[in-house]
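Okay, query20.pdb now, which holds PDB, C-alpha atoms, pLDDT in the B column:
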```pdb
ATOM      1  CA  ILE A 274      96.723 109.673  94.686  1.00 47.00           C
ATOM      2  CA  LYS A 275      96.938 113.399  95.165  1.00 48.00           C
ATOM      3  CA  ILE A 276      99.275 115.259  92.824  1.00 47.00           C
ATOM      4  CA  ASN A 277      99.294 119.058  92.970  1.00 49.00           C
ATOM      5  CA  ASP A 278      96.020 118.983  94.945  1.00 53.00           C
ATOM      6  CA  LYS A 279      94.288 116.910  92.237  1.00 49.00           C
ATOM      7  CA  MET A 280      93.173 113.308  92.636  1.00 49.00           C
ATOM      8  CA  THR A 281      94.816 111.077  90.058  1.00 55.00           C
ATOM      9  CA  ASN A 282      94.242 107.399  89.262  1.00 72.00           C
ATOM     10  CA  VAL A 283      97.583 105.644  88.947  1.00 78.00           C
ATOM     11  CA  ALA A 284      98.415 102.018  88.202  1.00 82.00           C
ATOM     12  CA  ILE A 285     101.894 100.514  88.189  1.00 86.00           C
ATOM     13  CA  ILE A 286     102.299  97.460  85.973  1.00 85.00           C
ATOM     14  CA  ILE A 287     105.051  94.998  86.873  1.00 86.00           C
ATOM     15  CA  PRO A 288     105.993  92.448  84.218  1.00 84.00           C
ATOM     16  CA  ALA A 289     107.257  89.308  85.941  1.00 84.00           C
ATOM     17  CA  PHE A 290     109.040  86.215  84.649  1.00 83.00           C
ATOM     18  CA  ASN A 291     110.355  83.788  87.287  1.00 82.00           C
ATOM     19  CA  GLU A 292     110.584  86.598  89.855  1.00 85.00           C
ATOM     20  CA  GLU A 293     110.079  84.494  92.976  1.00 87.00           C
ATOM     21  CA  LYS A 294     113.260  85.899  94.538  1.00 90.00           C
ATOM     22  CA  ASN A 295     112.397  89.555  93.873  1.00 91.00           C
ATOM     23  CA  ILE A 296     108.639  90.022  93.659  1.00 90.00           C
ATOM     24  CA  LYS A 297     107.992  90.526  97.380  1.00 91.00           C
ATOM     25  CA  LYS A 298     110.752  93.125  97.684  1.00 93.00           C
ATOM     26  CA  ILE A 299     109.612  94.972  94.557  1.00 91.00           C
ATOM     27  CA  VAL A 300     105.982  95.156  95.677  1.00 91.00           C
ATOM     28  CA  HIS A 301     106.936  96.376  99.155  1.00 90.00           C
ATOM     29  CA  LEU A 302     109.285  99.023  97.725  1.00 90.00           C
ATOM     30  CA  ILE A 303     106.424 100.365  95.611  1.00 88.00           C
ATOM     31  CA  ARG A 304     103.874 100.107  98.423  1.00 86.00           C
ATOM     32  CA  ASP A 305     106.194 102.020 100.788  1.00 86.00           C
ATOM     33  CA  LYS A 306     106.170 104.959  98.353  1.00 85.00           C
ATOM     34  CA  THR A 307     102.586 105.001  97.034  1.00 83.00           C
ATOM     35  CA  GLN A 308      99.107 103.550  97.347  1.00 79.00           C
ATOM     36  CA  ALA A 309      98.827 103.231  93.548  1.00 82.00           C
ATOM     37  CA  LEU A 310      97.195 100.144  92.131  1.00 84.00           C
ATOM     38  CA  ILE A 311      99.858  97.488  91.471  1.00 87.00           C
ATOM     39  CA  ILE A 312      99.243  95.113  88.561  1.00 85.00           C
ATOM     40  CA  ILE A 313     101.552  92.115  88.258  1.00 86.00           C
ATOM     41  CA  VAL A 314     101.549  90.377  84.875  1.00 83.00           C
ATOM     42  CA  ASP A 315     103.306  87.035  85.228  1.00 83.00           C
ATOM     43  CA  ASP A 316     104.656  85.460  82.022  1.00 78.00           C
ATOM     44  CA  SER A 317     106.080  82.283  83.547  1.00 74.00           C
ATOM     45  CA  ALA A 318     104.232  78.975  83.513  1.00 70.00           C
ATOM     46  CA  ASN A 319     106.136  77.726  86.573  1.00 75.00           C
ATOM     47  CA  SER A 320     106.243  80.915  88.618  1.00 74.00           C
ATOM     48  CA  LYS A 321     105.541  80.819  92.338  1.00 84.00           C
ATOM     49  CA  SER A 322     105.161  84.618  92.438  1.00 83.00           C
ATOM     50  CA  LYS A 323     101.392  84.455  92.926  1.00 83.00           C
ATOM     51  CA  ASN A 324     101.745  82.299  96.055  1.00 86.00           C
ATOM     52  CA  ILE A 325     104.362  84.650  97.483  1.00 88.00           C
ATOM     53  CA  ILE A 326     102.201  87.709  96.833  1.00 84.00           C
ATOM     54  CA  ALA A 327      99.043  86.051  98.205  1.00 85.00           C
ATOM     55  CA  LYS A 328     100.739  85.519 101.573  1.00 87.00           C
ATOM     56  CA  GLU A 329     101.496  89.247 101.833  1.00 81.00           C
ATOM     57  CA  LYS A 330      97.828  90.380 101.791  1.00 80.00           C
ATOM     58  CA  ILE A 331      98.688  93.624 100.025  1.00 80.00           C
ATOM     59  CA  ASN A 332      95.873  96.060  99.266  1.00 78.00           C
ATOM     60  CA  ASN A 333      95.292  97.430  95.773  1.00 80.00           C
ATOM     61  CA  LEU A 334      97.081  94.627  93.965  1.00 82.00           C
ATOM     62  CA  LEU A 335      95.886  92.679  90.919  1.00 80.00           C
ATOM     63  CA  TYR A 336      97.665  89.576  89.629  1.00 82.00           C
ATOM     64  CA  TYR A 337      97.348  88.160  86.114  1.00 77.00           C
ATOM     65  CA  LYS A 338      98.922  85.255  84.304  1.00 77.00           C
ATOM     66  CA  LYS A 339      99.907  86.569  80.905  1.00 72.00           C
ATOM     67  CA  LYS A 340      97.543  85.322  78.247  1.00 64.00           C
ATOM     68  CA  LYS A 341      97.306  87.174  75.004  1.00 61.00           C
ATOM     69  CA  ASN A 342      93.586  87.036  74.462  1.00 63.00           C
ATOM     70  CA  LEU A 343      90.581  89.299  74.484  1.00 64.00           C
ATOM     71  CA  GLU A 344      89.101  87.772  77.625  1.00 71.00           C
ATOM     72  CA  GLU A 345      92.127  88.740  79.741  1.00 72.00           C
ATOM     73  CA  ALA A 346      92.209  92.271  78.323  1.00 69.00           C
ATOM     74  CA  LEU A 347      88.510  92.737  79.064  1.00 73.00           C
ATOM     75  CA  GLN A 348      88.916  91.377  82.581  1.00 78.00           C
ATOM     76  CA  LEU A 349      91.736  93.827  83.289  1.00 77.00           C
ATOM     77  CA  TYR A 350      89.574  96.679  81.989  1.00 75.00           C
ATOM     78  CA  LEU A 351      86.655  95.639  84.200  1.00 80.00           C
ATOM     79  CA  ASP A 352      88.877  95.228  87.254  1.00 81.00           C
ATOM     80  CA  LEU A 353      90.357  98.706  86.751  1.00 78.00           C
ATOM     81  CA  ARG A 354      86.896 100.259  86.367  1.00 77.00           C
ATOM     82  CA  LYS A 355      85.808  98.550  89.580  1.00 80.00           C
ATOM     83  CA  PHE A 356      88.974  99.609  91.426  1.00 75.00           C
ATOM     84  CA  TRP A 357      88.541 103.246  90.435  1.00 73.00           C
ATOM     85  CA  ASN A 358      84.762 103.064  90.868  1.00 75.00           C
ATOM     86  CA  LEU A 359      84.148 104.316  87.320  1.00 65.00           C
ATOM     87  CA  LYS A 360      80.647 104.456  85.897  1.00 62.00           C
ATOM     88  CA  GLU A 361      79.528 104.142  82.281  1.00 57.00           C
ATOM     89  CA  LYS A 362      78.701 107.503  80.668  1.00 51.00           C
TER      90      LYS A 362
END
```

Any chance you could put this one into structure tokens?
Amino acid sequence: IKINDKMTNVAIIIPAFNEEKNIKKIVHLIRDKTQALIIIVDDSANSKSKNIIAKEKINNLLYYKKKKNLEEALQLYLDLRKFWNLKEK
């Protein structure tokens, strides 16, 4: 994203809990304004949000079921590095 003629990496994190009725609208509202990476973190065991989002085929979107463990945190880190094409220094 370009801000003041500088390229900036931006991610928008959306916490979701049983948001089946709203998730599609929220994602499209964000996508209409920016091409920032959208990260949805779903905290509901019974949520259908992932299925709704999958049907939309939205670019630059990552979806995670909330699990408080190291593996999930590392996976998010790796996905972000890949998205922004970051290299190890």

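Closest approach to Asn319 in chain A among A:Asn332, A:Asn291, A:Thr307, A:Lys297 is made by A:Asn291 (distances from only C-alpha atoms).
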
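Selection result for the displayed file, with the PyMOL selection byres ((chain A and resi 316) around 10) as criterion, is Pro288, Ala289, Phe290, Asn291, Glu292, Ile313, Val314, Asp315, Ser317, Ala318, Asn319, Ser320, Tyr337, Lys338, Lys339 and Lys340 of chain A.
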
List the spatial neighbours of Asn333 in chain A as a PyMOL selection string - criterion: any atom at most 8 Å away, only C-alpha atoms, same-chain residues fewer than 5 positions off excluded.
chain A and resi 308-311+356

Centre and size of axis-aligned box enclosing range 301-309 of chain A plus 3 Å each side, as JSON:
```
{"center_x": 104.1, "center_y": 100.7, "center_z": 97.2, "size_x": 16.5, "size_y": 14.6, "size_z": 13.2}
```

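Note that CA of Ile287 in chain A and CA of Asp352 in chain A are 16.2 Å apart.
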
As a PDB file, keeping the file's coordinate frame, could you write out range 305-316 of chain A once it has been completed with all heavy atoms?
```
ATOM      1  N   ASP A 305     105.646 101.079  99.819  1.00 86.00           N
ATOM      2  CA  ASP A 305     106.194 102.020 100.788  1.00 86.00           C
ATOM      3  C   ASP A 305     106.162 103.458 100.275  1.00 86.00           C
ATOM      4  O   ASP A 305     106.163 104.396 101.058  1.00 86.00           O
ATOM      5  CB  ASP A 305     107.638 101.656 101.142  1.00 86.00           C
ATOM      6  CG  ASP A 305     107.721 100.403 102.006  1.00 86.00           C
ATOM      7  OD1 ASP A 305     106.679  99.961 102.537  1.00 86.00           O
ATOM      8  OD2 ASP A 305     108.832  99.858 102.133  1.00 86.00           O
ATOM      9  N   LYS A 306     106.125 103.625  98.955  1.00 85.00           N
ATOM     10  CA  LYS A 306     106.170 104.959  98.353  1.00 85.00           C
ATOM     11  C   LYS A 306     104.807 105.471  97.912  1.00 85.00           C
ATOM     12  O   LYS A 306     104.604 106.678  97.812  1.00 85.00           O
ATOM     13  CB  LYS A 306     107.099 104.964  97.128  1.00 85.00           C
ATOM     14  CG  LYS A 306     108.513 104.544  97.413  1.00 85.00           C
ATOM     15  CD  LYS A 306     109.220 105.575  98.231  1.00 85.00           C
ATOM     16  CE  LYS A 306     110.673 105.166  98.442  1.00 85.00           C
ATOM     17  NZ  LYS A 306     111.331 105.942  99.451  1.00 85.00           N
ATOM     18  N   THR A 307     103.868 104.571  97.605  1.00 83.00           N
ATOM     19  CA  THR A 307     102.586 105.001  97.034  1.00 83.00           C
ATOM     20  C   THR A 307     101.495 103.979  97.301  1.00 83.00           C
ATOM     21  O   THR A 307     101.787 102.811  97.530  1.00 83.00           O
ATOM     22  CB  THR A 307     102.718 105.225  95.505  1.00 83.00           C
ATOM     23  OG1 THR A 307     101.455 105.654  95.003  1.00 83.00           O
ATOM     24  CG2 THR A 307     103.149 103.973  94.789  1.00 83.00           C
ATOM     25  N   GLN A 308     100.261 104.435  97.239  1.00 79.00           N
ATOM     26  CA  GLN A 308      99.107 103.550  97.347  1.00 79.00           C
ATOM     27  C   GLN A 308      98.516 103.258  95.972  1.00 79.00           C
ATOM     28  O   GLN A 308      97.371 102.825  95.856  1.00 79.00           O
ATOM     29  CB  GLN A 308      98.044 104.162  98.262  1.00 79.00           C
ATOM     30  CG  GLN A 308      98.434 104.152  99.717  1.00 79.00           C
ATOM     31  CD  GLN A 308      98.665 102.738 100.234  1.00 79.00           C
ATOM     32  OE1 GLN A 308      97.830 101.862 100.075  1.00 79.00           O
ATOM     33  NE2 GLN A 308      99.812 102.519 100.846  1.00 79.00           N
ATOM     34  N   ALA A 309      99.286 103.490  94.916  1.00 82.00           N
ATOM     35  CA  ALA A 309      98.827 103.231  93.548  1.00 82.00           C
ATOM     36  C   ALA A 309      98.450 101.761  93.398  1.00 82.00           C
ATOM     37  O   ALA A 309      98.956 100.891  94.108  1.00 82.00           O
ATOM     38  CB  ALA A 309      99.919 103.579  92.541  1.00 82.00           C
ATOM     39  N   LEU A 310      97.555 101.511  92.465  1.00 84.00           N
ATOM     40  CA  LEU A 310      97.195 100.144  92.131  1.00 84.00           C
ATOM     41  C   LEU A 310      98.418  99.449  91.529  1.00 84.00           C
ATOM     42  O   LEU A 310      99.077 100.005  90.651  1.00 84.00           O
ATOM     43  CB  LEU A 310      96.049 100.147  91.121  1.00 84.00           C
ATOM     44  CG  LEU A 310      95.654  98.805  90.533  1.00 84.00           C
ATOM     45  CD1 LEU A 310      95.116  97.878  91.606  1.00 84.00           C
ATOM     46  CD2 LEU A 310      94.620  99.002  89.435  1.00 84.00           C
ATOM     47  N   ILE A 311      98.744  98.269  92.011  1.00 87.00           N
ATOM     48  CA  ILE A 311      99.858  97.488  91.471  1.00 87.00           C
ATOM     49  C   ILE A 311      99.265  96.331  90.683  1.00 87.00           C
ATOM     50  O   ILE A 311      98.440  95.574  91.201  1.00 87.00           O
ATOM     51  CB  ILE A 311     100.773  96.950  92.582  1.00 87.00           C
ATOM     52  CG1 ILE A 311     101.385  98.103  93.381  1.00 87.00           C
ATOM     53  CG2 ILE A 311     101.864  96.049  91.994  1.00 87.00           C
ATOM     54  CD1 ILE A 311     102.149  97.651  94.615  1.00 87.00           C
ATOM     55  N   ILE A 312      99.695  96.208  89.424  1.00 85.00           N
ATOM     56  CA  ILE A 312      99.243  95.113  88.561  1.00 85.00           C
ATOM     57  C   ILE A 312     100.464  94.284  88.210  1.00 85.00           C
ATOM     58  O   ILE A 312     101.409  94.786  87.607  1.00 85.00           O
ATOM     59  CB  ILE A 312      98.586  95.640  87.277  1.00 85.00           C
ATOM     60  CG1 ILE A 312      97.385  96.527  87.618  1.00 85.00           C
ATOM     61  CG2 ILE A 312      98.169  94.470  86.374  1.00 85.00           C
ATOM     62  CD1 ILE A 312      96.827  97.276  86.430  1.00 85.00           C
ATOM     63  N   ILE A 313     100.458  93.026  88.600  1.00 86.00           N
ATOM     64  CA  ILE A 313     101.552  92.115  88.258  1.00 86.00           C
ATOM     65  C   ILE A 313     101.080  91.238  87.105  1.00 86.00           C
ATOM     66  O   ILE A 313     100.040  90.596  87.197  1.00 86.00           O
ATOM     67  CB  ILE A 313     101.961  91.247  89.459  1.00 86.00           C
ATOM     68  CG1 ILE A 313     102.469  92.148  90.593  1.00 86.00           C
ATOM     69  CG2 ILE A 313     103.016  90.222  89.045  1.00 86.00           C
ATOM     70  CD1 ILE A 313     102.730  91.414  91.877  1.00 86.00           C
ATOM     71  N   VAL A 314     101.847  91.221  86.027  1.00 83.00           N
ATOM     72  CA  VAL A 314     101.549  90.377  84.875  1.00 83.00           C
ATOM     73  C   VAL A 314     102.660  89.345  84.791  1.00 83.00           C
ATOM     74  O   VAL A 314     103.802  89.661  84.461  1.00 83.00           O
ATOM     75  CB  VAL A 314     101.453  91.202  83.575  1.00 83.00           C
ATOM     76  CG1 VAL A 314     101.121  90.290  82.405  1.00 83.00           C
ATOM     77  CG2 VAL A 314     100.413  92.305  83.711  1.00 83.00           C
ATOM     78  N   ASP A 315     102.324  88.112  85.124  1.00 83.00           N
ATOM     79  CA  ASP A 315     103.306  87.035  85.228  1.00 83.00           C
ATOM     80  C   ASP A 315     103.338  86.232  83.931  1.00 83.00           C
ATOM     81  O   ASP A 315     102.336  85.670  83.523  1.00 83.00           O
ATOM     82  CB  ASP A 315     102.938  86.150  86.409  1.00 83.00           C
ATOM     83  CG  ASP A 315     104.033  85.169  86.773  1.00 83.00           C
ATOM     84  OD1 ASP A 315     104.988  85.017  85.989  1.00 83.00           O
ATOM     85  OD2 ASP A 315     103.912  84.549  87.839  1.00 83.00           O
ATOM     86  N   ASP A 316     104.501  86.140  83.318  1.00 78.00           N
ATOM     87  CA  ASP A 316     104.656  85.460  82.022  1.00 78.00           C
ATOM     88  C   ASP A 316     105.322  84.090  82.141  1.00 78.00           C
ATOM     89  O   ASP A 316     105.750  83.517  81.163  1.00 78.00           O
ATOM     90  CB  ASP A 316     105.458  86.364  81.082  1.00 78.00           C
ATOM     91  CG  ASP A 316     105.356  85.937  79.632  1.00 78.00           C
ATOM     92  OD1 ASP A 316     104.401  85.215  79.299  1.00 78.00           O
ATOM     93  OD2 ASP A 316     106.221  86.316  78.846  1.00 78.00           O
TER      94      ASP A 316
END
```
